[in-house]
Amino acid sequence: MAEIIWGFGTSHVPSIGAAMDHGKTQTPYWKALFDSYAPARQWMAEHRPDVVVIVYNDHANAVDLDLVPTFALGTAESYEVADEGWGRRPVPPVIGAPELSEHLVRELVDDSFDIATFNRLDTDHGLTVPLSVYCPDPGEAWPCTVVPLLVNVIQYPQPTAARCHALGKALGRAIRSFPQDLKVAVFGTGGMSHQLAGARAGLINTEFDRMFLQTIETDPEKLAALTREDYIREAGTEGIEMIMWLVMRGALSDDITRVHETYHVPASNTAVGAALFEDHGGKAAA
Ligand code: DHB
Ligand code: FE
C-alpha cells in the first residue's frame, strides 16, 4: 500500500525560481534564504519519495478565468512547464502519475469531494518553484512523478480553510488506500503573508506567519477555523494561499515531527516560509 512519508509547506514566489535559473542564489539578496534551505534539501534528498502530490494554485497562467474550479486534480501522463510571459523556466517537464491520479479522483468523489479533473495542464510557478525548492539540480528529470492538486485561491469565494483541511484528510485516506507500495510526499504551497496590489501592497505580517508556522504542527484545527476574510485581513490578498498548507497538513497523521523550518523576509514582495514534517503514521492501519 502507498505510504505518506513526509509533508512540506513552502512558498512558491516566482523570483525564487528565477534566482535559481539565473545563478543568483549566492548574491547578497538571496544567499541567506538559499542557505537556510540546505538542511531541508539534504534531508529530503535522503528520503526520496516516488511521487509527490503538490497542492498549488495556478495564477491565471495556464488556466484562464473563464473557468475556475474550486478544487481540481491533474490526471495527465505529463505536464508542460507554463510560459508565464518570459518563456518557459529551464526545468524538466513534470511527469505525472496517472494511475494514482485516477485512484485519487475516484476516492475523493466517493468521499464527497466532487473534484474537477485536468487531463491536460501546463504548470506555472505555483508548482515548479516548490519542485525547485525541493530539488535544486534535477538535471534531465525530476526525481519523482507528480500529481498536481489545484485550489482556487485567486477568485472570491475561495474554499474555506476548514474545507481545505477536510480535503487533506480525505486525500490522506485516498493515498493510503492506493494498492501499490509507493512512497508519497505531499506539498502545500504558497504564502506566507503577501499582497501584490492595492492599498496594502507589500503587506507582511510576521506575527501571523510565525503563529501559522507553529500552529500548523500542533493545532491545525485552530487554523482551519479561521475564515477566508481572516486570512486576507491578516496575511494579505495573496497570503490566503496559506490555506493550501492545510490540505498538506490534513493528509498527514497526528504522529509527525518537524524536521526543518525557514522563515525569511522578503523575497520579492513576500514573506517566505518552509516547514518540513516527517510522518511516522503515514501508512494505512492494517
Ligand atoms: C509573488 C508571490 C507569489 O506567491 C506569486 O504567486 C507571485 C508573485 C511575489 O512576491 O512577487
Ligand atoms: Fe502565488
# chains A, B, ... in the order shown; residues from 1 in each chain; ligands from 1
>>> residues_near_ligand(ligand="ligand 2", cutoff="8 Å", atoms="only C-alpha atoms and all ligand atoms", output="list in words")
Ser11, His12, Val13, Pro14, Asn57, Asp58, His59, His125, Gly126, Gly190, Gly191, Glu238 and Glu241 of chain A
>>> closest_atom_pairs(of="chain A", to="ligand 1", cutoff="12 Å", atoms="only C-alpha atoms and all ligand atoms", output="JSON lines")
{"residue": "A:Thr10", "atom": "CA", "partner": "ligand 1", "partner_atom_place_in_ligand_line": "4 (O)", "distance": 10.3}
{"residue": "A:Ser11", "atom": "CA", "partner": "ligand 1", "partner_atom_place_in_ligand_line": "4 (O)", "distance": 6.8}
{"residue": "A:His12", "atom": "CA", "partner": "ligand 1", "partner_atom_place_in_ligand_line": "4 (O)", "distance": 5.5}
{"residue": "A:Val13", "atom": "CA", "partner": "ligand 1", "partner_atom_place_in_ligand_line": "2 (C)", "distance": 4.2}
{"residue": "A:Pro14", "atom": "CA", "partner": "ligand 1", "partner_atom_place_in_ligand_line": "8 (C)", "distance": 5.7}
{"residue": "A:Ser15", "atom": "CA", "partner": "ligand 1", "partner_atom_place_in_ligand_line": "11 (O)", "distance": 6.5}
{"residue": "A:Ile16", "atom": "CA", "partner": "ligand 1", "partner_atom_place_in_ligand_line": "11 (O)", "distance": 9.1}
{"residue": "A:Gly17", "atom": "CA", "partner": "ligand 1", "partner_atom_place_in_ligand_line": "8 (C)", "distance": 11.0}
{"residue": "A:Ala18", "atom": "CA", "partner": "ligand 1", "partner_atom_place_in_ligand_line": "11 (O)", "distance": 10.9}
{"residue": "A:Tyr56", "atom": "CA", "partner": "ligand 1", "partner_atom_place_in_ligand_line": "6 (O)", "distance": 9.9}
{"residue": "A:Asn57", "atom": "CA", "partner": "ligand 1", "partner_atom_place_in_ligand_line": "6 (O)", "distance": 8.3}
{"residue": "A:Asp58", "atom": "CA", "partner": "ligand 1", "partner_atom_place_in_ligand_line": "6 (O)", "distance": 8.3}
{"residue": "A:His59", "atom": "CA", "partner": "ligand 1", "partner_atom_place_in_ligand_line": "6 (O)", "distance": 6.5}
{"residue": "A:Ala60", "atom": "CA", "partner": "ligand 1", "partner_atom_place_in_ligand_line": "6 (O)", "distance": 10.1}
{"residue": "A:Asn61", "atom": "CA", "partner": "ligand 1", "partner_atom_place_in_ligand_line": "6 (O)", "distance": 10.4}
{"residue": "A:Glu84", "atom": "CA", "partner": "ligand 1", "partner_atom_place_in_ligand_line": "7 (C)", "distance": 10.9}
{"residue": "A:Asp124", "atom": "CA", "partner": "ligand 1", "partner_atom_place_in_ligand_line": "6 (O)", "distance": 9.2}
{"residue": "A:His125", "atom": "CA", "partner": "ligand 1", "partner_atom_place_in_ligand_line": "6 (O)", "distance": 7.1}
{"residue": "A:Gly126", "atom": "CA", "partner": "ligand 1", "partner_atom_place_in_ligand_line": "6 (O)", "distance": 6.3}
{"residue": "A:Leu127", "atom": "CA", "partner": "ligand 1", "partner_atom_place_in_ligand_line": "6 (O)", "distance": 10.1}
{"residue": "A:Thr128", "atom": "CA", "partner": "ligand 1", "partner_atom_place_in_ligand_line": "6 (O)", "distance": 11.4}
{"residue": "A:Val129", "atom": "CA", "partner": "ligand 1", "partner_atom_place_in_ligand_line": "6 (O)", "distance": 9.9}
{"residue": "A:Pro130", "atom": "CA", "partner": "ligand 1", "partner_atom_place_in_ligand_line": "4 (O)", "distance": 11.1}
{"residue": "A:Val153", "atom": "CA", "partner": "ligand 1", "partner_atom_place_in_ligand_line": "6 (O)", "distance": 10.4}
{"residue": "A:Ile154", "atom": "CA", "partner": "ligand 1", "partner_atom_place_in_ligand_line": "6 (O)", "distance": 9.7}
{"residue": "A:Thr189", "atom": "CA", "partner": "ligand 1", "partner_atom_place_in_ligand_line": "4 (O)", "distance": 8.9}
{"residue": "A:Gly190", "atom": "CA", "partner": "ligand 1", "partner_atom_place_in_ligand_line": "4 (O)", "distance": 5.6}
{"residue": "A:Gly191", "atom": "CA", "partner": "ligand 1", "partner_atom_place_in_ligand_line": "4 (O)", "distance": 5.9}
{"residue": "A:Met192", "atom": "CA", "partner": "ligand 1", "partner_atom_place_in_ligand_line": "4 (O)", "distance": 8.0}
{"residue": "A:Ser193", "atom": "CA", "partner": "ligand 1", "partner_atom_place_in_ligand_line": "4 (O)", "distance": 9.1}
{"residue": "A:His194", "atom": "CA", "partner": "ligand 1", "partner_atom_place_in_ligand_line": "10 (O)", "distance": 6.7}
{"residue": "A:Gln195", "atom": "CA", "partner": "ligand 1", "partner_atom_place_in_ligand_line": "10 (O)", "distance": 7.7}
{"residue": "A:Leu196", "atom": "CA", "partner": "ligand 1", "partner_atom_place_in_ligand_line": "10 (O)", "distance": 6.6}
{"residue": "A:Ala197", "atom": "CA", "partner": "ligand 1", "partner_atom_place_in_ligand_line": "9 (C)", "distance": 10.3}
{"residue": "A:Ala201", "atom": "CA", "partner": "ligand 1", "partner_atom_place_in_ligand_line": "10 (O)", "distance": 10.1}
{"residue": "A:Gly202", "atom": "CA", "partner": "ligand 1", "partner_atom_place_in_ligand_line": "10 (O)", "distance": 8.5}
{"residue": "A:Leu203", "atom": "CA", "partner": "ligand 1", "partner_atom_place_in_ligand_line": "10 (O)", "distance": 10.4}
{"residue": "A:Ile204", "atom": "CA", "partner": "ligand 1", "partner_atom_place_in_ligand_line": "10 (O)", "distance": 10.6}
{"residue": "A:Ala235", "atom": "CA", "partner": "ligand 1", "partner_atom_place_in_ligand_line": "4 (O)", "distance": 11.8}
{"residue": "A:Gly236", "atom": "CA", "partner": "ligand 1", "partner_atom_place_in_ligand_line": "4 (O)", "distance": 11.0}
{"residue": "A:Thr237", "atom": "CA", "partner": "ligand 1", "partner_atom_place_in_ligand_line": "4 (O)", "distance": 10.3}
{"residue": "A:Glu238", "atom": "CA", "partner": "ligand 1", "partner_atom_place_in_ligand_line": "4 (O)", "distance": 6.6}
{"residue": "A:Gly239", "atom": "CA", "partner": "ligand 1", "partner_atom_place_in_ligand_line": "4 (O)", "distance": 7.7}
{"residue": "A:Ile240", "atom": "CA", "partner": "ligand 1", "partner_atom_place_in_ligand_line": "4 (O)", "distance": 9.8}
{"residue": "A:Glu241", "atom": "CA", "partner": "ligand 1", "partner_atom_place_in_ligand_line": "4 (O)", "distance": 7.5}
{"residue": "A:Met242", "atom": "CA", "partner": "ligand 1", "partner_atom_place_in_ligand_line": "4 (O)", "distance": 9.8}
{"residue": "A:Met244", "atom": "CA", "partner": "ligand 1", "partner_atom_place_in_ligand_line": "4 (O)", "distance": 11.9}
{"residue": "A:Val265", "atom": "CA", "partner": "ligand 1", "partner_atom_place_in_ligand_line": "10 (O)", "distance": 10.5}
{"residue": "A:Pro266", "atom": "CA", "partner": "ligand 1", "partner_atom_place_in_ligand_line": "10 (O)", "distance": 8.2}
{"residue": "A:Ala267", "atom": "CA", "partner": "ligand 1", "partner_atom_place_in_ligand_line": "10 (O)", "distance": 6.3}
{"residue": "A:Ser268", "atom": "CA", "partner": "ligand 1", "partner_atom_place_in_ligand_line": "10 (O)", "distance": 4.5}
{"residue": "A:Asn269", "atom": "CA", "partner": "ligand 1", "partner_atom_place_in_ligand_line": "10 (O)", "distance": 3.9}
{"residue": "A:Thr270", "atom": "CA", "partner": "ligand 1", "partner_atom_place_in_ligand_line": "10 (O)", "distance": 4.3}
{"residue": "A:Ala271", "atom": "CA", "partner": "ligand 1", "partner_atom_place_in_ligand_line": "10 (O)", "distance": 7.9}
{"residue": "A:Val272", "atom": "CA", "partner": "ligand 1", "partner_atom_place_in_ligand_line": "10 (O)", "distance": 9.0}
{"residue": "A:Gly273", "atom": "CA", "partner": "ligand 1", "partner_atom_place_in_ligand_line": "4 (O)", "distance": 11.2}
>>> closest_atom_pairs(of="stretch 30-83 of chain A", to="stretch 144-152 of chain A", cutoff="6 Å", atoms="only C-alpha atoms", output="CSV")
residue,atom,partner,partner_atom,distance
A:Asp50,CA,A:Cys144,CA,5.1
A:Val51,CA,A:Thr145,CA,4.6
A:Val52,CA,A:Val146,CA,5.0
A:Val53,CA,A:Val147,CA,4.6
A:Ile54,CA,A:Pro148,CA,5.0
A:Val55,CA,A:Leu149,CA,4.6
A:Tyr56,CA,A:Leu150,CA,5.1
A:Asn57,CA,A:Leu150,CA,5.2
A:Thr70,CA,A:Asn152,CA,4.9
A:Phe71,CA,A:Val151,CA,4.8
A:Ala72,CA,A:Leu150,CA,5.0
A:Leu73,CA,A:Leu149,CA,4.5
A:Gly74,CA,A:Pro148,CA,5.1
>>> write_last_selection(atoms="N, CA, C and O atoms", output="PDB file, in the first residue's frame")
ATOM      1  N   ASP A  50       8.594   8.388  -4.180  1.00  0.00           N
ATOM      2  CA  ASP A  50       8.389   8.014  -5.586  1.00  0.00           C
ATOM      3  C   ASP A  50       7.543   9.059  -6.294  1.00  0.00           C
ATOM      4  O   ASP A  50       7.712   9.308  -7.479  1.00  0.00           O
ATOM      5  N   VAL A  51       6.601   9.617  -5.560  1.00  0.00           N
ATOM      6  CA  VAL A  51       5.651  10.552  -6.157  1.00  0.00           C
ATOM      7  C   VAL A  51       5.343  11.655  -5.145  1.00  0.00           C
ATOM      8  O   VAL A  51       5.321  11.398  -3.936  1.00  0.00           O
ATOM      9  N   VAL A  52       5.158  12.876  -5.648  1.00  0.00           N
ATOM     10  CA  VAL A  52       4.732  13.972  -4.773  1.00  0.00           C
ATOM     11  C   VAL A  52       3.379  14.491  -5.256  1.00  0.00           C
ATOM     12  O   VAL A  52       3.150  14.638  -6.456  1.00  0.00           O
ATOM     13  N   VAL A  53       2.491  14.719  -4.294  1.00  0.00           N
ATOM     14  CA  VAL A  53       1.220  15.391  -4.573  1.00  0.00           C
ATOM     15  C   VAL A  53       1.447  16.856  -4.221  1.00  0.00           C
ATOM     16  O   VAL A  53       1.787  17.171  -3.074  1.00  0.00           O
ATOM     17  N   ILE A  54       1.336  17.736  -5.218  1.00  0.00           N
ATOM     18  CA  ILE A  54       1.636  19.156  -4.990  1.00  0.00           C
ATOM     19  C   ILE A  54       0.331  19.947  -5.002  1.00  0.00           C
ATOM     20  O   ILE A  54      -0.342  20.055  -6.037  1.00  0.00           O
ATOM     21  N   VAL A  55      -0.024  20.462  -3.824  1.00  0.00           N
ATOM     22  CA  VAL A  55      -1.233  21.280  -3.682  1.00  0.00           C
ATOM     23  C   VAL A  55      -0.830  22.712  -4.002  1.00  0.00           C
ATOM     24  O   VAL A  55       0.026  23.283  -3.313  1.00  0.00           O
ATOM     25  N   TYR A  56      -1.400  23.276  -5.057  1.00  0.00           N
ATOM     26  CA  TYR A  56      -0.954  24.592  -5.501  1.00  0.00           C
ATOM     27  C   TYR A  56      -2.084  25.309  -6.216  1.00  0.00           C
ATOM     28  O   TYR A  56      -3.149  24.740  -6.453  1.00  0.00           O
ATOM     29  N   ASN A  57      -1.820  26.560  -6.573  1.00  0.00           N
ATOM     30  CA  ASN A  57      -2.779  27.292  -7.401  1.00  0.00           C
ATOM     31  C   ASN A  57      -2.103  27.772  -8.665  1.00  0.00           C
ATOM     32  O   ASN A  57      -0.946  28.188  -8.650  1.00  0.00           O
ATOM     33  N   THR A  70     -12.946  25.041  -8.078  1.00  0.00           N
ATOM     34  CA  THR A  70     -12.525  25.258  -6.683  1.00  0.00           C
ATOM     35  C   THR A  70     -11.403  24.295  -6.316  1.00  0.00           C
ATOM     36  O   THR A  70     -10.380  24.718  -5.767  1.00  0.00           O
ATOM     37  N   PHE A  71     -11.590  23.022  -6.630  1.00  0.00           N
ATOM     38  CA  PHE A  71     -10.547  22.010  -6.436  1.00  0.00           C
ATOM     39  C   PHE A  71     -10.441  21.191  -7.726  1.00  0.00           C
ATOM     40  O   PHE A  71     -11.467  20.840  -8.319  1.00  0.00           O
ATOM     41  N   ALA A  72      -9.233  20.877  -8.150  1.00  0.00           N
ATOM     42  CA  ALA A  72      -9.062  20.068  -9.364  1.00  0.00           C
ATOM     43  C   ALA A  72      -7.783  19.250  -9.254  1.00  0.00           C
ATOM     44  O   ALA A  72      -6.805  19.686  -8.618  1.00  0.00           O
ATOM     45  N   LEU A  73      -7.798  18.082  -9.881  1.00  0.00           N
ATOM     46  CA  LEU A  73      -6.635  17.194  -9.812  1.00  0.00           C
ATOM     47  C   LEU A  73      -6.148  16.874 -11.225  1.00  0.00           C
ATOM     48  O   LEU A  73      -6.961  16.630 -12.120  1.00  0.00           O
ATOM     49  N   GLY A  74      -4.858  16.898 -11.428  1.00  0.00           N
ATOM     50  CA  GLY A  74      -4.272  16.553 -12.722  1.00  0.00           C
ATOM     51  C   GLY A  74      -4.203  15.051 -12.888  1.00  0.00           C
ATOM     52  O   GLY A  74      -3.812  14.335 -11.954  1.00  0.00           O
TER      53      GLY A  74
END
>>> residues_around(residues="A:Glu140", least_positions_apart="2", cutoff="9 Å", atoms="only C-alpha atoms", output="JSON, numbers by chain")
{"A": [91, 92, 93, 138, 142]}
>>> atom_distance(atom1="atom CA of A:Asp219", atom2="atom CA of A:Ala251")
14.2 Å
>>> atom_distance(atom1="atom CA of A:Ala225", atom2="atom CA of A:Val105")
26.0 Å
>>> select_by_dssp(residues="stretch 77-165 of chain A", states="strand (DSSP E)", output="NGL selection string")
:A and (78-81 or 94-95 or 116-118 or 122-123 or 145-151)
>>> residues_around(residues="stretch 170-177 of chain A", least_positions_apart="6", cutoff="6 Å", atoms="only C-alpha atoms", output="PDB file with N, CA, C and O atoms, in the first residue's frame")
ATOM      1  N   ALA A   2       0.340   2.325  -0.544  1.00  0.00           N
ATOM      2  CA  ALA A   2       1.100   3.576  -0.555  1.00  0.00           C
ATOM      3  C   ALA A   2       1.202   4.149   0.855  1.00  0.00           C
ATOM      4  O   ALA A   2       0.328   3.945   1.698  1.00  0.00           O
ATOM      5  N   GLU A   3       2.288   4.869   1.073  1.00  0.00           N
ATOM      6  CA  GLU A   3       2.578   5.427   2.402  1.00  0.00           C
ATOM      7  C   GLU A   3       2.993   6.886   2.237  1.00  0.00           C
ATOM      8  O   GLU A   3       3.773   7.220   1.341  1.00  0.00           O
ATOM      9  N   LEU A 104      -7.107   8.638  -6.942  1.00  0.00           N
ATOM     10  CA  LEU A 104      -7.417   9.742  -6.018  1.00  0.00           C
ATOM     11  C   LEU A 104      -8.729  10.418  -6.404  1.00  0.00           C
ATOM     12  O   LEU A 104      -9.547  10.739  -5.536  1.00  0.00           O
ATOM     13  N   GLU A 107     -11.592   8.106  -5.334  1.00  0.00           N
ATOM     14  CA  GLU A 107     -11.753   8.040  -3.873  1.00  0.00           C
ATOM     15  C   GLU A 107     -12.290   9.361  -3.318  1.00  0.00           C
ATOM     16  O   GLU A 107     -13.106   9.367  -2.408  1.00  0.00           O
ATOM     17  N   ALA A 251      -3.505  15.787   5.213  1.00  0.00           N
ATOM     18  CA  ALA A 251      -3.141  14.476   4.664  1.00  0.00           C
ATOM     19  C   ALA A 251      -2.187  13.724   5.588  1.00  0.00           C
ATOM     20  O   ALA A 251      -2.066  12.498   5.505  1.00  0.00           O
ATOM     21  N   ALA A 284      -1.506   3.091   6.029  1.00  0.00           N
ATOM     22  CA  ALA A 284      -2.872   2.699   6.407  1.00  0.00           C
ATOM     23  C   ALA A 284      -2.800   1.733   7.585  1.00  0.00           C
ATOM     24  O   ALA A 284      -1.906   0.890   7.647  1.00  0.00           O
TER      25      ALA A 284
END
>>> atom_distance(atom1="atom CA of A:Val259", atom2="atom CA of A:Trp30")
22.5 Å
>>> residues_around(residues="stretch 39-47 of chain A", least_positions_apart="6", cutoff="12 Å", atoms="only C-alpha atoms", output="PyMOL selection string")
chain A and resi 4-10+33+130-138+142-144+183-185+258-262+274-279
>>> write_last_selection(atoms="N, CA, C and O atoms", output="CSV table (one decimal), in the first residue's frame")
chain,number,residue,atom,x,y,z
A,4,ILE,N,2.5,7.8,3.1
A,4,ILE,CA,2.9,9.2,3.1
A,4,ILE,C,4.1,9.3,4.0
A,4,ILE,O,4.0,9.0,5.2
A,5,ILE,N,5.2,9.7,3.5
A,5,ILE,CA,6.5,9.7,4.3
A,5,ILE,C,6.8,11.1,4.9
A,5,ILE,O,7.4,11.2,5.9
A,6,TRP,N,6.4,12.1,4.2
A,6,TRP,CA,6.6,13.5,4.7
A,6,TRP,C,5.7,14.5,4.0
A,6,TRP,O,5.2,14.3,2.9
A,7,GLY,N,5.6,15.7,4.7
A,7,GLY,CA,4.8,16.8,4.1
A,7,GLY,C,5.7,18.0,4.2
A,7,GLY,O,6.5,18.2,5.1
A,8,PHE,N,5.6,18.9,3.1
A,8,PHE,CA,6.4,20.0,3.0
A,8,PHE,C,5.5,21.2,2.7
A,8,PHE,O,4.8,21.2,1.7
A,9,GLY,N,5.6,22.2,3.6
A,9,GLY,CA,4.9,23.5,3.2
A,9,GLY,C,6.0,24.5,2.7
A,9,GLY,O,7.0,24.6,3.3
A,10,THR,N,5.7,25.1,1.6
A,10,THR,CA,6.7,26.0,1.0
A,10,THR,C,6.1,27.1,0.2
A,10,THR,O,5.1,26.9,-0.5
A,33,LEU,N,18.5,33.1,2.3
A,33,LEU,CA,17.4,32.3,2.0
A,33,LEU,C,17.8,30.9,1.5
A,33,LEU,O,17.4,29.8,2.1
A,130,PRO,N,8.1,25.2,-6.0
A,130,PRO,CA,8.3,24.2,-5.0
A,130,PRO,C,9.1,23.0,-5.4
A,130,PRO,O,9.9,22.5,-4.6
A,131,LEU,N,9.0,22.5,-6.6
A,131,LEU,CA,9.8,21.4,-7.1
A,131,LEU,C,11.3,21.8,-7.0
A,131,LEU,O,12.2,21.1,-6.6
A,132,SER,N,11.6,23.1,-7.4
A,132,SER,CA,13.0,23.6,-7.4
A,132,SER,C,13.5,23.8,-5.9
A,132,SER,O,14.7,23.6,-5.7
A,133,VAL,N,12.6,24.2,-5.0
A,133,VAL,CA,13.0,24.3,-3.6
A,133,VAL,C,13.4,22.9,-3.1
A,133,VAL,O,14.4,22.7,-2.4
A,134,TYR,N,12.6,21.9,-3.5
A,134,TYR,CA,12.8,20.5,-3.1
A,134,TYR,C,14.1,20.0,-3.7
A,134,TYR,O,15.0,19.4,-3.1
A,135,CYS,N,14.3,20.2,-5.0
A,135,CYS,CA,15.4,19.6,-5.8
A,135,CYS,C,16.0,20.6,-6.7
A,135,CYS,O,15.5,20.8,-7.8
A,136,PRO,N,17.1,21.2,-6.2
A,136,PRO,CA,17.6,22.4,-7.0
A,136,PRO,C,18.3,22.0,-8.3
A,136,PRO,O,18.4,22.8,-9.2
A,137,ASP,N,18.8,20.8,-8.4
A,137,ASP,CA,19.6,20.3,-9.6
A,137,ASP,C,19.0,19.1,-10.1
A,137,ASP,O,19.6,18.0,-10.0
A,138,PRO,N,17.9,19.2,-10.8
A,138,PRO,CA,17.2,18.0,-11.3
A,138,PRO,C,17.9,17.3,-12.5
A,138,PRO,O,17.6,16.2,-12.8
A,142,TRP,N,13.1,15.4,-13.1
A,142,TRP,CA,12.8,15.5,-11.6
A,142,TRP,C,12.9,14.1,-11.0
A,142,TRP,O,12.6,13.1,-11.7
A,143,PRO,N,13.2,14.0,-9.7
A,143,PRO,CA,13.5,12.6,-9.1
A,143,PRO,C,12.2,11.9,-8.7
A,143,PRO,O,12.2,11.0,-8.0
A,144,CYS,N,11.0,12.4,-9.1
A,144,CYS,CA,9.8,11.9,-8.7
A,144,CYS,C,8.7,12.2,-9.8
A,144,CYS,O,8.9,13.1,-10.6
A,183,LYS,N,6.1,5.3,-2.0
A,183,LYS,CA,6.4,6.4,-1.0
A,183,LYS,C,5.9,7.7,-1.6
A,183,LYS,O,6.3,8.1,-2.7
A,184,VAL,N,5.1,8.4,-0.8
A,184,VAL,CA,4.4,9.6,-1.3
A,184,VAL,C,4.8,10.8,-0.3
A,184,VAL,O,4.8,10.6,0.9
A,185,ALA,N,5.1,11.9,-0.9
A,185,ALA,CA,5.2,13.2,-0.1
A,185,ALA,C,4.1,14.1,-0.6
A,185,ALA,O,3.7,14.1,-1.7
A,258,ARG,N,8.7,17.8,13.3
A,258,ARG,CA,9.2,18.8,12.4
A,258,ARG,C,10.7,18.6,12.2
A,258,ARG,O,11.5,18.5,13.1
A,259,VAL,N,11.0,18.5,10.9
A,259,VAL,CA,12.4,18.3,10.5
A,259,VAL,C,13.2,19.6,10.3
A,259,VAL,O,14.3,19.7,10.6
A,260,HIS,N,12.4,20.6,9.8
A,260,HIS,CA,13.1,21.9,9.4
A,260,HIS,C,12.1,23.0,9.3
A,260,HIS,O,10.9,22.8,9.0
A,261,GLU,N,12.6,24.2,9.5
A,261,GLU,CA,11.7,25.4,9.3
A,261,GLU,C,12.6,26.5,8.8
A,261,GLU,O,13.7,26.7,9.2
A,262,THR,N,12.0,27.3,7.8
A,262,THR,CA,12.7,28.5,7.3
A,262,THR,C,11.6,29.6,7.4
A,262,THR,O,10.5,29.4,7.1
A,274,ALA,N,9.1,27.8,4.9
A,274,ALA,CA,9.2,26.4,4.6
A,274,ALA,C,9.1,25.6,5.9
A,274,ALA,O,9.8,26.0,6.9
A,275,ALA,N,8.3,24.6,5.9
A,275,ALA,CA,8.2,23.7,7.0
A,275,ALA,C,8.1,22.3,6.6
A,275,ALA,O,7.3,22.0,5.7
A,276,LEU,N,9.0,21.4,7.1
A,276,LEU,CA,9.1,20.0,6.7
A,276,LEU,C,8.7,19.1,7.8
A,276,LEU,O,9.3,19.3,8.9
A,277,PHE,N,7.8,18.2,7.6
A,277,PHE,CA,7.3,17.3,8.6
A,277,PHE,C,7.5,15.8,8.2
A,277,PHE,O,7.0,15.4,7.2
A,278,GLU,N,8.2,15.1,9.0
A,278,GLU,CA,8.2,13.6,8.8
A,278,GLU,C,6.9,13.0,9.3
A,278,GLU,O,6.5,13.4,10.4
A,279,ASP,N,6.3,12.1,8.6
A,279,ASP,CA,5.1,11.5,9.0
A,279,ASP,C,5.4,10.0,9.5
A,279,ASP,O,5.8,9.2,8.7
>>> residues_around(residues="A:Ala161", least_positions_apart="6", cutoff="10 Å", atoms="only C-alpha atoms", output="list of chain:residue names")
A:Leu167, A:Pro220, A:Glu221, A:Lys222, A:Leu223, A:Ala224, A:Ala225, A:Leu226, A:Thr227, A:Arg228, A:Tyr231, A:Ile240, A:Met242, A:Ile243, A:Met244, A:Trp245, A:Leu246, A:Val247
>>> select_by_dssp(residues="stretch 24-243 of chain A", states="alpha helix (DSSP H)", output="PyMOL selection string")
chain A and resi 31-46+98-110+125-134+161-176+206-218+220-224+228-235+243
>>> closest_residue(among="A:Asp66, A:Asp122, A:Asp111, A:Glu102", to="A:Asp83", atoms="only C-alpha atoms")
A:Asp122
>>> closest_residue(among="A:Pro49, A:Pro159, A:Pro90, A:Gly96", to="A:Met20", atoms="only C-alpha atoms")
A:Pro90
>>> closest_residue(among="A:Ala162, A:Ala141, A:Val81, A:Ala19", to="A:Gly250", atoms="only C-alpha atoms")
A:Ala162
